[in-house]
Every structure is written in structure tokens, then in C-alpha cells.
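Visitor: Sharing structure-v7.cif (mmCIF, C-alpha atoms) below.
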data_query
#
loop_
_atom_site.label_atom_id
_atom_site.label_comp_id
_atom_site.auth_asym_id
_atom_site.auth_seq_id
_atom_site.Cartn_x
_atom_site.Cartn_y
_atom_site.Cartn_z
CA MET Z 1 154.68 147.85 114.68
CA THR Z 2 151.28 147.79 116.20
CA THR Z 3 150.00 145.69 113.33
CA PHE Z 4 152.77 143.14 113.85
CA ARG Z 5 152.00 142.78 117.54
CA HIS Z 6 148.36 142.37 116.76
CA SER Z 7 149.13 139.63 114.26
CA SER Z 8 151.43 137.88 116.73
CA LEU Z 9 148.75 138.04 119.33
CA LEU Z 10 146.23 136.51 117.00
CA LEU Z 11 148.65 133.79 116.09
CA ALA Z 12 149.30 133.08 119.78
CA VAL Z 13 145.58 132.94 120.52
CA ALA Z 14 145.01 130.68 117.54
CA GLY Z 15 147.83 128.38 118.63
CA THR Z 16 146.43 128.18 122.14
CA ALA Z 17 143.00 127.40 120.80
CA LEU Z 18 144.45 124.72 118.57
CA THR Z 19 146.35 123.20 121.49
CA LEU Z 20 143.25 123.18 123.66
CA SER Z 21 141.29 121.63 120.82
CA LEU Z 22 143.86 118.90 120.34
CA THR Z 23 143.97 118.27 124.08
CA ALA Z 24 140.21 118.00 124.19
CA CYS Z 25 140.23 115.61 121.27
CA GLN Z 26 142.92 113.50 122.90
CA SER Z 27 140.93 113.48 126.13
CA ASP Z 28 137.79 112.37 124.28
CA SER Z 29 139.78 109.71 122.51
CA ASP Z 30 141.16 108.41 125.83
CA THR Z 31 137.71 108.38 127.33
CA THR Z 32 136.35 106.52 124.34
CA SER Z 33 139.27 104.11 124.59
CA SER Z 34 138.56 103.48 128.25
CA SER Z 35 134.90 102.99 127.51
CA ALA Z 36 135.77 100.54 124.78
CA THR Z 37 138.19 98.68 127.05
CA ALA Z 38 135.61 98.22 129.84
CA PRO Z 39 133.20 96.14 127.78
CA ALA Z 40 136.16 94.13 126.58
CA ALA Z 41 137.08 93.39 130.16
CA THR Z 42 133.48 92.49 130.88
CA ALA Z 43 133.47 90.25 127.86
CA ALA Z 44 136.67 88.65 129.07
CA THR Z 45 135.04 87.95 132.44
CA SER Z 46 131.89 86.51 130.87
CA PRO Z 47 133.53 83.46 129.28
CA ALA Z 48 135.12 82.63 132.62
CA ALA Z 49 131.66 82.61 134.21
CA THR Z 50 130.39 80.55 131.32
CA GLY Z 51 133.25 78.11 131.91
CA THR Z 52 132.21 77.72 135.56
CA SER Z 53 128.68 77.00 134.46
CA ASP Z 54 129.99 74.37 132.08
CA VAL Z 55 131.89 72.71 134.89
CA LYS Z 56 128.75 72.57 137.01
CA GLU Z 57 126.80 71.13 134.12
CA SER Z 58 129.54 68.56 133.64
CA ALA Z 59 129.22 67.66 137.31
CA GLY Z 60 125.51 67.27 136.71
CA SER Z 61 126.33 64.96 133.85
CA THR Z 62 128.49 62.95 136.22
CA GLY Z 63 125.49 62.73 138.50
CA SER Z 64 123.56 61.34 135.56
CA ALA Z 65 126.30 58.77 135.14
CA GLY Z 66 125.71 57.96 138.81
CA SER Z 67 122.07 57.40 137.91
CA THR Z 68 123.28 55.01 135.26
CA GLY Z 69 125.20 53.31 138.04
CA SER Z 70 121.92 53.01 139.92
CA ALA Z 71 120.48 51.38 136.86
CA GLY Z 72 123.42 48.99 137.09
CA SER Z 73 122.45 48.33 140.69
CA ALA Z 74 118.97 47.56 139.49
CA GLY Z 75 120.60 45.15 137.06
CA SER Z 76 122.44 43.57 139.96
CA LYS Z 77 119.13 43.22 141.78
CA GLY Z 78 117.76 41.59 138.69
CA SER Z 79 120.69 39.20 138.74
CA LYS Z 80 119.90 38.37 142.37
CA GLU Z 81 116.29 37.77 141.47
CA SER Z 82 117.47 35.50 138.68
CA ALA Z 83 119.65 33.68 141.19
CA GLY Z 84 116.60 33.32 143.43
CA SER Z 85 114.69 31.84 140.52
CA THR Z 86 117.55 29.41 139.97
CA ALA Z 87 117.46 28.49 143.67
CA ALA Z 88 113.72 28.00 143.41
CA SER Z 89 114.29 25.74 140.42
CA THR Z 90 116.84 23.81 142.47
CA GLY Z 91 114.26 23.51 145.24
CA SER Z 92 111.79 22.15 142.68
CA THR Z 93 114.38 19.60 141.70
CA GLY Z 94 114.63 18.61 145.35
CA GLY Z 95 110.85 18.26 145.48
CA SER Z 96 111.01 16.22 142.30
CA GLY Z 97 113.64 14.04 143.98
CA ARG Z 98 111.22 13.33 146.86
CA GLN Z 99 108.51 12.48 144.38
CA VAL Z 100 110.87 10.04 142.69
CA THR Z 101 111.57 8.44 146.07
CA ALA Z 102 107.86 8.19 146.82
CA SER Z 103 107.27 6.58 143.43
CA THR Z 104 109.93 3.91 144.02
CA PRO Z 105 108.14 0.52 143.84
CA VAL Z 106 107.31 -1.23 147.10
CA CYS Z 107 109.49 -4.24 147.91
CA THR Z 108 107.75 -7.57 147.47
CA ALA Z 109 108.65 -11.05 148.70
CA GLY Z 110 110.45 -11.67 145.40
CA ASP Z 111 112.66 -8.58 145.89
CA VAL Z 112 114.22 -9.44 149.27
CA ARG Z 113 115.77 -12.29 151.22
CA VAL Z 114 114.77 -12.37 154.93
CA THR Z 115 117.02 -13.97 157.53
CA ALA Z 116 117.04 -14.08 161.35
CA ALA Z 117 119.86 -13.84 163.92
CA ARG Z 118 119.93 -13.83 167.70
CA GLN Z 119 120.25 -10.53 169.50
CA ASP Z 120 121.98 -10.36 172.90
CA GLY Z 121 121.58 -13.26 175.34
CA PRO Z 122 121.50 -15.60 176.97
CA PRO Z 123 118.70 -15.69 177.71
CA TYR Z 124 117.85 -15.01 174.07
CA THR Z 125 114.90 -12.68 174.31
CA HIS Z 126 115.30 -10.88 170.95
CA ILE Z 127 116.16 -11.65 167.33
CA VAL Z 128 116.99 -9.37 164.43
CA LEU Z 129 115.36 -9.82 161.03
CA THR Z 130 117.36 -8.69 158.02
CA ALA Z 131 115.69 -8.04 154.67
CA LYS Z 132 118.29 -7.70 151.90
CA ASN Z 133 117.30 -6.30 148.52
CA THR Z 134 118.22 -8.93 145.91
CA SER Z 135 116.16 -7.50 143.04
CA GLY Z 136 118.95 -5.53 141.35
CA ARG Z 137 116.95 -2.27 141.59
CA SER Z 138 115.77 0.07 144.32
CA CYS Z 139 112.57 -0.70 146.19
CA ARG Z 140 110.72 0.77 149.15
CA LEU Z 141 110.27 -1.34 152.28
CA THR Z 142 107.22 -0.11 154.18
CA GLY Z 143 105.73 -0.80 157.59
CA PHE Z 144 106.88 -3.74 159.72
CA PRO Z 145 107.25 -7.49 159.21
CA HIS Z 146 104.00 -9.41 159.69
CA ILE Z 147 105.21 -12.36 161.76
CA GLN Z 148 103.45 -15.55 162.88
CA PHE Z 149 105.58 -17.82 165.07
CA LEU Z 150 103.19 -20.68 165.83
CA GLU Z 151 100.46 -22.54 164.02
CA SER Z 152 98.41 -22.34 167.19
CA HIS Z 153 98.59 -18.53 167.16
CA LYS Z 154 97.51 -17.13 163.80
CA GLN Z 155 97.62 -13.48 164.89
CA ASP Z 156 100.45 -11.30 163.68
CA VAL Z 157 102.98 -10.24 166.29
CA PRO Z 158 102.04 -6.68 167.42
CA ALA Z 159 104.25 -3.81 166.23
CA VAL Z 160 105.84 -1.16 168.44
CA ALA Z 161 104.77 2.24 167.07
CA LYS Z 162 107.71 4.21 168.49
CA SER Z 163 110.14 2.23 166.33
CA LYS Z 164 108.60 3.59 163.11
CA PRO Z 165 111.21 5.57 161.08
CA ALA Z 166 110.51 9.18 160.16
CA THR Z 167 111.10 8.66 156.44
CA PRO Z 168 110.36 5.78 154.04
CA VAL Z 169 112.99 3.04 153.90
CA VAL Z 170 114.30 2.87 150.33
CA LEU Z 171 116.67 -0.02 149.67
CA ALA Z 172 119.20 0.28 146.89
CA ALA Z 173 120.18 -2.93 145.14
CA GLY Z 174 121.98 -5.13 147.68
CA ALA Z 175 121.12 -2.89 150.66
CA PRO Z 176 119.64 -4.31 153.90
CA ALA Z 177 116.93 -3.20 156.33
CA TYR Z 178 116.44 -4.45 159.88
CA ALA Z 179 113.63 -5.16 162.33
CA LEU Z 180 114.14 -5.94 166.03
CA VAL Z 181 111.79 -8.66 167.36
CA LYS Z 182 111.08 -9.54 171.00
CA LEU Z 183 110.47 -13.23 171.75
CA SER Z 184 109.88 -13.27 175.50
CA ASP Z 185 110.80 -11.69 178.83
CA GLY Z 186 113.43 -14.37 179.46
CA GLY Z 187 111.73 -15.74 182.61
CA VAL Z 188 111.90 -19.43 183.52
CA ASP Z 189 108.22 -19.53 184.37
CA GLU Z 190 107.01 -18.16 181.04
CA ALA Z 191 104.82 -20.14 178.69
CA ASN Z 192 107.53 -20.41 176.06
CA GLU Z 193 107.20 -22.64 173.03
CA PRO Z 194 110.03 -23.86 170.78
CA VAL Z 195 110.07 -22.47 167.24
CA SER Z 196 112.40 -23.75 164.49
CA ALA Z 197 110.84 -21.80 161.62
CA PHE Z 198 108.24 -19.08 161.25
CA SER Z 199 106.46 -17.05 158.59
CA VAL Z 200 106.97 -13.41 157.57
CA MET Z 201 104.93 -11.28 155.17
CA LEU Z 202 105.82 -7.83 153.89
CA GLU Z 203 103.30 -5.04 154.10
CA GLY Z 204 101.21 -4.89 150.93
CA ASP Z 205 102.21 -8.42 149.84
CA SER Z 206 100.35 -11.57 150.94
CA THR Z 207 103.21 -13.88 149.91
CA VAL Z 208 104.47 -15.92 152.88
CA ILE Z 209 108.24 -15.95 153.42
CA ALA Z 210 109.49 -18.94 155.43
CA VAL Z 211 112.32 -17.96 157.79
CA THR Z 212 114.55 -20.42 159.62
CA ALA Z 213 114.97 -19.68 163.34
CA PRO Z 214 118.58 -19.07 164.46
CA GLY Z 215 120.41 -21.57 166.69
CA SER Z 216 120.61 -25.34 166.57
CA ASP Z 217 117.68 -25.66 168.97
CA GLY Z 218 115.67 -22.86 167.47
CA ILE Z 219 114.15 -20.12 169.62
CA ALA Z 220 111.76 -20.01 172.58
CA VAL Z 221 108.73 -17.77 172.04
CA ASP Z 222 106.08 -16.55 174.46
CA PRO Z 223 103.19 -15.53 172.15
CA ALA Z 224 101.79 -13.23 174.84
CA LYS Z 225 105.03 -11.22 175.08
CA ALA Z 226 106.20 -11.17 171.45
CA LEU Z 227 106.58 -7.78 169.76
CA THR Z 228 108.17 -6.50 166.54
CA GLY Z 229 109.71 -3.22 165.46
CA TYR Z 230 109.39 -1.49 162.08
CA TRP Z 231 111.84 -1.94 159.26
CA THR Z 232 114.72 0.55 159.62
CA PRO Z 233 117.78 1.21 157.45
CA GLU Z 234 120.15 0.67 160.39
CA LEU Z 235 120.41 -1.91 163.17
CA ARG Z 236 118.96 -0.12 166.18
CA ASN Z 237 120.75 -1.80 169.05
CA GLY Z 238 119.03 -0.75 172.26
CA ALA Z 239 117.10 2.01 170.46
CA ASP Z 240 113.73 0.28 170.87
CA ASP Z 241 112.93 -0.39 174.50
CA PHE Z 242 110.65 -3.38 174.20
#
Kindly present the structure from the file in C-alpha cells form.

Guide:
Amino acid sequence: MTTFRHSSLLLAVAGTALTLSLTACQSDSDTTSSSATAPAATAATSPAATGTSDVKESAGSTGSAGSTGSAGSAGSKGSKESAGSTAASTGSTGGSGRQVTASTPVCTAGDVRVTAARQDGPPYTHIVLTAKNTSGRSCRLTGFPHIQFLESHKQDVPAVAKSKPATPVVLAAGAPAYALVKLSDGGVDEANEPVSAFSVMLEGDSTVIAVTAPGSDGIAVDPAKALTGYWTPELRNGADDF
């Protein structure tokens, strides 16, 4: 009986020891499992952080694209500079145009027909000379008409400087130019002389152009008071105070 109790006691102790051993093993296994799970969680978090970094890098790449946009802006600037060069070329063309105008041949006596008409009156103190280009091409009419009214007065009629145009007078084919000419002051006591025809020369050409005076009785000229204006492309009524 004593032996049986002793054996039962040993079996009970052995069972308890086995249970404790299994419990300890299970506890170690759980601990190991937890330890293994923690790195896994950390690993799971790591890709998320890596993903955030990728997003930032992508944003940086977008910034690079913005830099490319800046390069595009530089291209636009280049386009503007090209446009400026084109404008400069256009300006050169304009300069070339002026050179062409300056190189237009000067009108000669054979290129124009000069006529005279009364201006205002009576008393008729002024006439207008018209020089019409009959050459069939453009020519440049320079200076003023060199006029001599009387054989007894061989000097050219003085020109009025303020009537000089700012730019050269270029006559297209068939186009006219005008010059206002003063004959006298219109006084009854002036030393006027009758003139039925007079001579005109163009600047740079010594050819004499004979011009018929307007009116059936011609014109009355005071050589001491006579003046002439420059050739202009328009009839300057009242513009020249002389």
C-alpha cells in the first residue's frame, strides 16, 4: 500500500513537471512568435516610409520638369530675340528704302513740263509754278526754280529759305510739284514791268525752260520785290508768308 502511494506520488510529480515543462515551452514559443512578429511589423512599416520617399522624389522630378519649362521660357526668349532680329531686318529694309529714294535720279528739264498760273488777286501779286513729271519714271526735284523775269535783270529771283521742305521731293510719273512766286507788293507806285514770258532753270540743270506768263496781258513784276519758294509736293496756299 505504501509502495502504491509512493508510485502515485511520483507519477503526480512527474505529470506536474511535464505540465510545467510544456507550459514553459509554449511560453517560449509565444515569446519567439511575438519577437518574430515585431520585425515583420517593422518591415511592413518600412515600405510605407520608402513609398513616401518615392513620392517626394517624384515631386522633385516634377520640379525638374519645371526646370524644363524654364528652358522652354528660354526658348521663348530666343523666339523674341529672333523676332527682334526680324524687326531689325525690317528696319534695314526701311533704311534701304530711303537709300533708294536718295538714289532716284534728279529731274531735268526734259523730265518735266513747267507752267504758271495766277495766285489770288487782283492785284495779282503772286503766281504758282507747276512742274509736272512727264518722263514716265520717278525723279527727284531739288531746290527751287531759278527764275529770271527780265532781260534787264539777269539775277535769279531770291529764294525764301523757310519754304524749303523737310524731305526731298520725289515725283512719280505724272505727279506735280509746286513753287509759289511773289511778283510785287501790289502797290500803284511800284516800279513794275510787264512780263509775257520768262525763263526757269531747275537746280543742277543749266537748260533754260521758257514759261508763258498767265493772263492775256501777262504779269507785272517788280524785280526788287520778287521772291520764289522751294518746290513742294503740295500747293501751299498761304503757307509761305512772302

Visitor: Convert the output of the PyMOL selection byres ((chain Z and resi 146) around 9) on the shown file into explicit residues, formatted as an MDAnalysis selection string.

Guide: chainID Z and resid 144:145 147:148 156:159 199:203 228

Visitor: Closest to Z:Lys164 among Z:Val128, Z:Ala179, Z:Ala109, Z:Ile209, using all atoms listed in the file?

Guide: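 Closest to Z:Lys164, using all atoms listed in the file: Z:Ala179.
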
Visitor: For the file shown, what are the residues hit by the PyMOL selection byres ((chain Z and resi 182-193) around 10), laid out as a list in words?

Guide: Gln119, Gly121, Pro122, Pro123, Tyr124, Thr125, His126, Ile127, Val128, Phe149, Leu150, Val157, Leu180, Val181, Pro194, Val195, Ile219, Ala220, Val221, Asp222, Pro223, Ala224, Lys225, Ala226, Leu227, Thr228, Gly229, Asp241 and Phe242 of chain Z

Visitor: Can you tell me how far atom CA of Z:Leu141 sits from atom CA of Z:Ser163, in Å to one decimal?

Guide: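 Computing it gives 14.5 Å between the two atoms.
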
Visitor: If you measure from atom CA of Z:Asp120 to atom CA of Z:Ala161, what distance in Å do you get, rounded to one decimal?

Guide: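 That distance, rounded to one decimal, is 22.1 Å.
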
Visitor: What does the distance from atom CA of Z:Lys154 to atom CA of Z:Asn133 come to in Å, to one decimal?

Guide: 27.2 Å

Visitor: Which residue gives the smallest distance to Z:Thr232 among Z:Ala166, Z:Ala177, Z:Ala197, Z:Ala117, with only C-alpha atoms counted?

Guide: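 Going through Z:Ala166, Z:Ala177, Z:Ala197, Z:Ala117 one by one, the smallest distance to Z:Thr232 is for Z:Ala177.
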
Visitor: Could you list the residues chosen by the PyMOL selection byres ((chain Z and resi 107) around 12) in this structure as a count of residues only?

Guide: 40
